[in-house]
$ cat work_26.pdb   # PDB, C-alpha atoms, pLDDT in the B column
ATOM      1  CA  MET E   1     -15.528  -4.473  -3.465  1.00 95.00           C
ATOM      2  CA  LYS E   2     -12.378  -3.202  -1.829  1.00 97.00           C
ATOM      3  CA  ARG E   3      -9.014  -3.761  -3.503  1.00 98.00           C
ATOM      4  CA  ILE E   4      -7.024  -3.898  -0.256  1.00 98.00           C
ATOM      5  CA  ALA E   5      -7.437  -5.475   3.174  1.00 98.00           C
ATOM      6  CA  VAL E   6      -5.249  -5.444   6.275  1.00 98.00           C
ATOM      7  CA  THR E   7      -4.461  -8.058   8.911  1.00 98.00           C
ATOM      8  CA  GLU E   8      -4.919  -7.497  12.642  1.00 98.00           C
ATOM      9  CA  GLU E   9      -1.147  -7.771  13.106  1.00 98.00           C
ATOM     10  CA  ALA E  10      -0.529  -5.008  10.564  1.00 98.00           C
ATOM     11  CA  LEU E  11      -3.229  -2.857  12.182  1.00 98.00           C
ATOM     12  CA  ALA E  12      -1.401  -3.110  15.516  1.00 98.00           C
ATOM     13  CA  VAL E  13       1.813  -1.813  13.932  1.00 98.00           C
ATOM     14  CA  ILE E  14      -0.117   0.931  12.118  1.00 98.00           C
ATOM     15  CA  ALA E  15      -1.682   2.017  15.433  1.00 98.00           C
ATOM     16  CA  MET E  16       1.777   2.285  17.003  1.00 98.00           C
ATOM     17  CA  LEU E  17       3.098   4.284  14.053  1.00 98.00           C
ATOM     18  CA  LYS E  18       0.035   6.549  14.063  1.00 98.00           C
ATOM     19  CA  ASP E  19       0.636   7.308  17.762  1.00 98.00           C
ATOM     20  CA  LYS E  20       4.262   8.225  17.055  1.00 98.00           C
ATOM     21  CA  PHE E  21       3.974  10.008  13.699  1.00 98.00           C
ATOM     22  CA  GLY E  22       0.346  11.065  13.164  1.00 98.00           C
ATOM     23  CA  ASP E  23      -1.267  10.671   9.745  1.00 98.00           C
ATOM     24  CA  LEU E  24       0.361   8.096   7.490  1.00 98.00           C
ATOM     25  CA  MET E  25       0.457   7.036   3.857  1.00 98.00           C
ATOM     26  CA  PHE E  26       1.526   3.847   2.088  1.00 97.00           C
ATOM     27  CA  TYR E  27       3.343   3.488  -1.211  1.00 95.00           C
ATOM     28  CA  GLN E  28       4.375   0.384  -3.100  1.00 94.00           C
ATOM     29  CA  ALA E  29       6.760   0.678  -6.020  1.00 88.00           C
ATOM     30  CA  GLY E  30       7.588  -1.788  -8.739  1.00 74.00           C
ATOM     31  CA  GLY E  31      11.210  -2.278  -7.740  1.00 66.00           C
ATOM     32  CA  CYS E  32      14.605  -0.614  -8.047  1.00 63.00           C
ATOM     33  CA  CYS E  33      15.435   1.979  -5.382  1.00 57.00           C
ATOM     34  CA  GLU E  34      12.156   1.734  -3.455  1.00 53.00           C
ATOM     35  CA  GLY E  35      12.071  -2.072  -3.531  1.00 59.00           C
ATOM     36  CA  THR E  36       8.846  -3.971  -4.014  1.00 76.00           C
ATOM     37  CA  GLN E  37       7.648  -3.990  -0.420  1.00 88.00           C
ATOM     38  CA  PRO E  38       4.989  -1.550   0.742  1.00 93.00           C
ATOM     39  CA  GLN E  39       6.473   1.503   2.413  1.00 94.00           C
ATOM     40  CA  CYS E  40       4.851   3.495   5.215  1.00 96.00           C
ATOM     41  CA  PHE E  41       5.579   7.225   5.488  1.00 97.00           C
ATOM     42  CA  GLU E  42       4.266  10.196   7.379  1.00 97.00           C
ATOM     43  CA  LYS E  43       1.481  11.670   5.242  1.00 97.00           C
ATOM     44  CA  GLY E  44       3.188  13.854   2.640  1.00 93.00           C
ATOM     45  CA  GLY E  45       6.573  12.243   3.363  1.00 93.00           C
ATOM     46  CA  PHE E  46       6.650  10.662  -0.068  1.00 92.00           C
ATOM     47  CA  TYR E  47       5.609  12.391  -3.265  1.00 92.00           C
ATOM     48  CA  THR E  48       3.518  10.285  -5.604  1.00 93.00           C
ATOM     49  CA  ARG E  49       4.073  10.716  -9.308  1.00 92.00           C
ATOM     50  CA  THR E  50       1.653  11.537 -12.080  1.00 94.00           C
ATOM     51  CA  GLY E  51      -0.193   8.351 -12.958  1.00 96.00           C
ATOM     52  CA  ASP E  52       0.341   6.619  -9.608  1.00 96.00           C
ATOM     53  CA  VAL E  53      -2.815   4.946  -8.327  1.00 97.00           C
ATOM     54  CA  CYS E  54      -4.489   4.978  -4.904  1.00 98.00           C
ATOM     55  CA  ILE E  55      -6.209   1.581  -4.612  1.00 98.00           C
ATOM     56  CA  GLY E  56      -7.916   2.325  -1.302  1.00 98.00           C
ATOM     57  CA  GLN E  57      -7.264   3.012   2.330  1.00 98.00           C
ATOM     58  CA  VAL E  58      -5.712   1.069   5.168  1.00 98.00           C
ATOM     59  CA  ASP E  59      -7.031   2.193   8.565  1.00 98.00           C
ATOM     60  CA  GLY E  60      -8.042   5.478   6.945  1.00 98.00           C
ATOM     61  CA  PHE E  61      -4.688   6.084   5.227  1.00 98.00           C
ATOM     62  CA  ASP E  62      -4.166   6.098   1.450  1.00 98.00           C
ATOM     63  CA  PHE E  63      -2.406   3.126  -0.144  1.00 98.00           C
ATOM     64  CA  TRP E  64      -0.687   4.167  -3.393  1.00 97.00           C
ATOM     65  CA  LEU E  65       0.845   2.001  -6.107  1.00 96.00           C
ATOM     66  CA  ASP E  66       3.399   2.885  -8.713  1.00 94.00           C
ATOM     67  CA  LYS E  67       1.507   3.249 -12.001  1.00 94.00           C
ATOM     68  CA  ASP E  68       3.406   0.369 -13.653  1.00 93.00           C
ATOM     69  CA  LEU E  69       2.882  -1.927 -10.671  1.00 93.00           C
ATOM     70  CA  TYR E  70      -0.828  -1.121 -10.756  1.00 96.00           C
ATOM     71  CA  GLU E  71      -1.034  -2.106 -14.420  1.00 95.00           C
ATOM     72  CA  TYR E  72       0.596  -5.421 -13.591  1.00 93.00           C
ATOM     73  CA  TRP E  73      -1.517  -6.145 -10.474  1.00 94.00           C
ATOM     74  CA  LYS E  74      -4.810  -4.358 -11.243  1.00 96.00           C
ATOM     75  CA  ASN E  75      -6.671  -7.683 -11.247  1.00 97.00           C
ATOM     76  CA  ALA E  76      -5.354  -8.678  -7.810  1.00 97.00           C
ATOM     77  CA  HIS E  77      -6.579  -8.150  -4.264  1.00 98.00           C
ATOM     78  CA  PHE E  78      -3.899  -6.933  -1.844  1.00 98.00           C
ATOM     79  CA  THR E  79      -3.696  -7.840   1.837  1.00 98.00           C
ATOM     80  CA  LEU E  80      -1.294  -5.761   3.908  1.00 98.00           C
ATOM     81  CA  ASP E  81       0.451  -7.860   6.547  1.00 97.00           C
ATOM     82  CA  VAL E  82       3.560  -7.473   8.687  1.00 97.00           C
ATOM     83  CA  MET E  83       6.430  -9.742   9.657  1.00 95.00           C
ATOM     84  CA  ASP E  84       9.387  -9.572  11.993  1.00 95.00           C
ATOM     85  CA  GLY E  85      12.660  -8.486  10.420  1.00 89.00           C
ATOM     86  CA  ILE E  86      14.023  -5.730   8.267  1.00 81.00           C
ATOM     87  CA  GLY E  87      13.108  -5.963   4.609  1.00 72.00           C
ATOM     88  CA  ALA E  88      14.412  -4.093   1.600  1.00 63.00           C
ATOM     89  CA  GLY E  89      12.360  -1.012   2.464  1.00 56.00           C
ATOM     90  CA  GLY E  90      14.761   0.717   4.824  1.00 68.00           C
ATOM     91  CA  PHE E  91      12.958   4.072   4.610  1.00 86.00           C
ATOM     92  CA  SER E  92       9.635   2.730   5.851  1.00 92.00           C
ATOM     93  CA  LEU E  93       8.565   3.895   9.330  1.00 95.00           C
ATOM     94  CA  GLU E  94       8.215   0.380  10.802  1.00 95.00           C
ATOM     95  CA  THR E  95      11.815  -0.627   9.972  1.00 92.00           C
ATOM     96  CA  PRO E  96      13.479   0.709  13.175  1.00 92.00           C
ATOM     97  CA  TYR E  97      11.004  -1.370  15.207  1.00 94.00           C
ATOM     98  CA  GLY E  98      12.143  -4.645  13.617  1.00 93.00           C
ATOM     99  CA  LYS E  99       9.014  -4.998  11.470  1.00 95.00           C
ATOM    100  CA  THR E 100       8.422  -5.132   7.728  1.00 94.00           C
ATOM    101  CA  PHE E 101       5.145  -4.621   5.909  1.00 95.00           C
ATOM    102  CA  ILE E 102       4.441  -7.228   3.230  1.00 94.00           C
ATOM    103  CA  ILE E 103       1.686  -7.775   0.680  1.00 95.00           C
ATOM    104  CA  LYS E 104      -0.147 -11.003  -0.032  1.00 96.00           C
ATOM    105  CA  TYR E 105      -1.886 -11.162  -3.404  1.00 95.00           C
ATOM    106  CA  ARG E 106      -4.742 -13.138  -4.872  1.00 97.00           C
ATOM    107  CA  LEU E 107      -6.521 -12.708  -8.179  1.00 98.00           C
ATOM    108  CA  PHE E 108     -10.053 -11.358  -8.165  1.00 98.00           C
ATOM    109  CA  THR E 109     -12.781 -13.672  -9.377  1.00 97.00           C
ATOM    110  CA  PRO E 110     -14.690 -12.576 -12.506  1.00 97.00           C
ATOM    111  CA  ASN E 111     -17.646 -11.620 -10.292  1.00 97.00           C
ATOM    112  CA  GLU E 112     -15.409  -9.524  -7.994  1.00 97.00           C
ATOM    113  CA  LEU E 113     -13.883  -7.732 -10.987  1.00 97.00           C
ATOM    114  CA  GLU E 114     -17.340  -6.426 -11.899  1.00 97.00           C
ATOM    115  CA  GLN E 115     -17.852  -4.988  -8.389  1.00 97.00           C
ATOM    116  CA  LEU E 116     -14.505  -3.291  -7.697  1.00 97.00           C
ATOM    117  CA  ASP E 117     -14.335   0.092  -6.001  1.00 96.00           C
ATOM    118  CA  PRO E 118     -12.904   2.770  -8.312  1.00 95.00           C
ATOM    119  CA  VAL E 119      -9.287   3.864  -7.955  1.00 97.00           C
ATOM    120  CA  THR E 120      -7.883   7.388  -7.755  1.00 96.00           C
ATOM    121  CA  ILE E 121      -5.208   8.283 -10.300  1.00 96.00           C
ATOM    122  CA  ASN E 122      -2.747  11.036  -9.453  1.00 94.00           C
ATOM    123  CA  THR E 123      -3.217  13.652 -12.179  1.00 91.00           C
ATOM    124  CA  TYR E 124      -1.047  16.516 -10.934  1.00 77.00           C
ATOM    125  CA  ASP E 125       2.387  17.135 -12.384  1.00 58.00           C
TER
END
$ encode --input "work_26.pdb" --output "structure tokens"
Amino acid sequence: MKRIAVTEEALAVIAMLKDKFGDLMFYQAGGCCEGTQPQCFEKGGFYTRTGDVCIGQVDGFDFWLDKDLYEYWKNAHFTLDVMDGIGAGGFSLETPYGKTFIIKYRLFTPNELEQLDPVTINTYD
């Protein structure tokens, strides 16, 4: 069972960004400087930290979580969506186009928890 899904609206924005910037990556932090909204970068444009967790892919691009955020939300399914406006994530690639990626959460059922796809944990220093 996948840990992340994406809406058609978000896929349309991702397609536009892919055409402009090439390969992408997503990162969601637990707050502070990066905010709590998912950020979209050119692949390699953001350096993940040791212990950060890749919960899956969105349109073929890795979706990483801050290690502390993952611990808090590891029992939740993420759905990447998009809305009009400029959110707290001013460094994200969609911001200049008047869009903001958002996440919708729901808890996994006990049955889903037993069938989850594995995650990838960043182990390099």
$ closest_residue --input "work_26.pdb" --among "E:Phe91, E:Trp73, E:Tyr124, E:Phe63" --to "E:Ala5" --atoms "all atoms listed in the file"
E:Phe63
$ resolve_selection --input "work_26.pdb" --expression "the PyMOL selection byres ((chain E and resi 76-78) around 9)" --output "NGL selection string"
:E and (2-6 or 72-75 or 79-80 or 103-108)
$ closest_residue --input "work_26.pdb" --among "E:Leu65, E:Gly87, E:Ile121, E:Asp59" --to "E:Leu11" --atoms "all atoms listed in the file"
E:Asp59
$ closest_residue --input "work_26.pdb" --among "E:Gly30, E:Gly60, E:Pro118, E:Gly44" --to "E:Ala15" --atoms "all atoms listed in the file"
E:Gly60
$ closest_residue --input "work_26.pdb" --among "E:Gln115, E:Gln57, E:Asn122, E:Gln39" --to "E:Phe26" --atoms "only C-alpha atoms"
E:Gln39
$ atom_distance --input "work_26.pdb" --atom1 "atom CA of E:Gly98" --atom2 "atom CA of E:Trp64"
23.1 Å
$ closest_residue --input "work_26.pdb" --among "E:Asp81, E:Asp66, E:Glu71, E:Glu8" --to "E:Thr36" --atoms "only C-alpha atoms"
E:Asp66
$ closest_residue --input "work_26.pdb" --among "E:Asp62, E:Asp84, E:Glu42, E:Asp19" --to "E:Phe101" --atoms "all atoms listed in the file"
E:Asp84
$ resolve_selection --input "work_26.pdb" --expression "the PyMOL selection byres ((chain E and resi 96) around 12)" --output "PyMOL selection string"
chain E and resi 13+17+84-87+89-95+97-100
$ residues_around --input "work_26.pdb" --residues "E:Asp117" --least-positions-apart "2" --cutoff "10 Å" --atoms "only C-alpha atoms" --output "PDB file with C-alpha atoms, keeping the file's coordinate frame"
ATOM      1  CA  MET E   1     -15.528  -4.473  -3.465  1.00 95.00           C
ATOM      2  CA  LYS E   2     -12.378  -3.202  -1.829  1.00 97.00           C
ATOM      3  CA  ARG E   3      -9.014  -3.761  -3.503  1.00 98.00           C
ATOM      4  CA  ILE E  55      -6.209   1.581  -4.612  1.00 98.00           C
ATOM      5  CA  GLY E  56      -7.916   2.325  -1.302  1.00 98.00           C
ATOM      6  CA  GLU E 112     -15.409  -9.524  -7.994  1.00 97.00           C
ATOM      7  CA  LEU E 113     -13.883  -7.732 -10.987  1.00 97.00           C
ATOM      8  CA  GLU E 114     -17.340  -6.426 -11.899  1.00 97.00           C
ATOM      9  CA  GLN E 115     -17.852  -4.988  -8.389  1.00 97.00           C
ATOM     10  CA  VAL E 119      -9.287   3.864  -7.955  1.00 97.00           C
ATOM     11  CA  THR E 120      -7.883   7.388  -7.755  1.00 96.00           C
TER      12      THR E 120
END
$ atom_distance --input "work_26.pdb" --atom1 "atom CA of E:Thr123" --atom2 "atom CA of E:Phe61"
19.0 Å
$ atom_distance --input "work_26.pdb" --atom1 "atom CA of E:Thr7" --atom2 "atom CA of E:Pro110"
24.2 Å
$ build_atoms --input "work_26.pdb" --residues "stretch 5-20 of chain E" --atoms "N, CA, C and O atoms" --output "compact mmCIF listing (two decimals), in the coordinates of the input"
# COMPACT_ATOMS: atom_id res chain seq x y z
N ALA E 5 -7.03 -5.12 1.81
CA ALA E 5 -7.44 -5.48 3.17
C ALA E 5 -6.19 -5.39 4.05
O ALA E 5 -5.07 -5.22 3.55
N VAL E 6 -6.38 -5.54 5.34
CA VAL E 6 -5.25 -5.44 6.28
C VAL E 6 -5.46 -6.46 7.40
O VAL E 6 -6.58 -6.68 7.84
N THR E 7 -4.37 -7.09 7.82
CA THR E 7 -4.46 -8.06 8.91
C THR E 7 -4.47 -7.34 10.26
O THR E 7 -4.06 -6.18 10.37
N GLU E 8 -4.92 -8.05 11.28
CA GLU E 8 -4.92 -7.50 12.64
C GLU E 8 -3.49 -7.17 13.10
O GLU E 8 -3.27 -6.16 13.77
N GLU E 9 -2.54 -8.00 12.73
CA GLU E 9 -1.15 -7.77 13.11
C GLU E 9 -0.63 -6.47 12.49
O GLU E 9 0.06 -5.68 13.14
N ALA E 10 -0.95 -6.25 11.22
CA ALA E 10 -0.53 -5.01 10.56
C ALA E 10 -1.24 -3.81 11.19
O ALA E 10 -0.62 -2.75 11.37
N LEU E 11 -2.51 -3.96 11.54
CA LEU E 11 -3.23 -2.86 12.18
C LEU E 11 -2.59 -2.46 13.50
O LEU E 11 -2.55 -1.27 13.85
N ALA E 12 -2.07 -3.42 14.24
CA ALA E 12 -1.40 -3.11 15.52
C ALA E 12 -0.15 -2.27 15.28
O ALA E 12 0.12 -1.30 16.01
N VAL E 13 0.62 -2.60 14.26
CA VAL E 13 1.81 -1.81 13.93
C VAL E 13 1.40 -0.43 13.43
O VAL E 13 2.01 0.58 13.81
N ILE E 14 0.37 -0.35 12.61
CA ILE E 14 -0.12 0.93 12.12
C ILE E 14 -0.56 1.81 13.28
O ILE E 14 -0.26 3.01 13.30
N ALA E 15 -1.24 1.24 14.27
CA ALA E 15 -1.68 2.02 15.43
C ALA E 15 -0.48 2.60 16.18
O ALA E 15 -0.50 3.76 16.60
N MET E 16 0.56 1.81 16.33
CA MET E 16 1.78 2.28 17.00
C MET E 16 2.41 3.42 16.21
O MET E 16 2.80 4.45 16.77
N LEU E 17 2.50 3.25 14.89
CA LEU E 17 3.10 4.28 14.05
C LEU E 17 2.26 5.55 14.05
O LEU E 17 2.79 6.67 14.07
N LYS E 18 0.94 5.40 14.03
CA LYS E 18 0.04 6.55 14.06
C LYS E 18 0.23 7.34 15.36
O LYS E 18 0.27 8.56 15.34
N ASP E 19 0.40 6.64 16.49
CA ASP E 19 0.64 7.31 17.76
C ASP E 19 1.94 8.10 17.75
O ASP E 19 2.04 9.16 18.35
N LYS E 20 2.95 7.58 17.08
CA LYS E 20 4.26 8.22 17.06
C LYS E 20 4.38 9.32 16.00
O LYS E 20 5.06 10.32 16.22
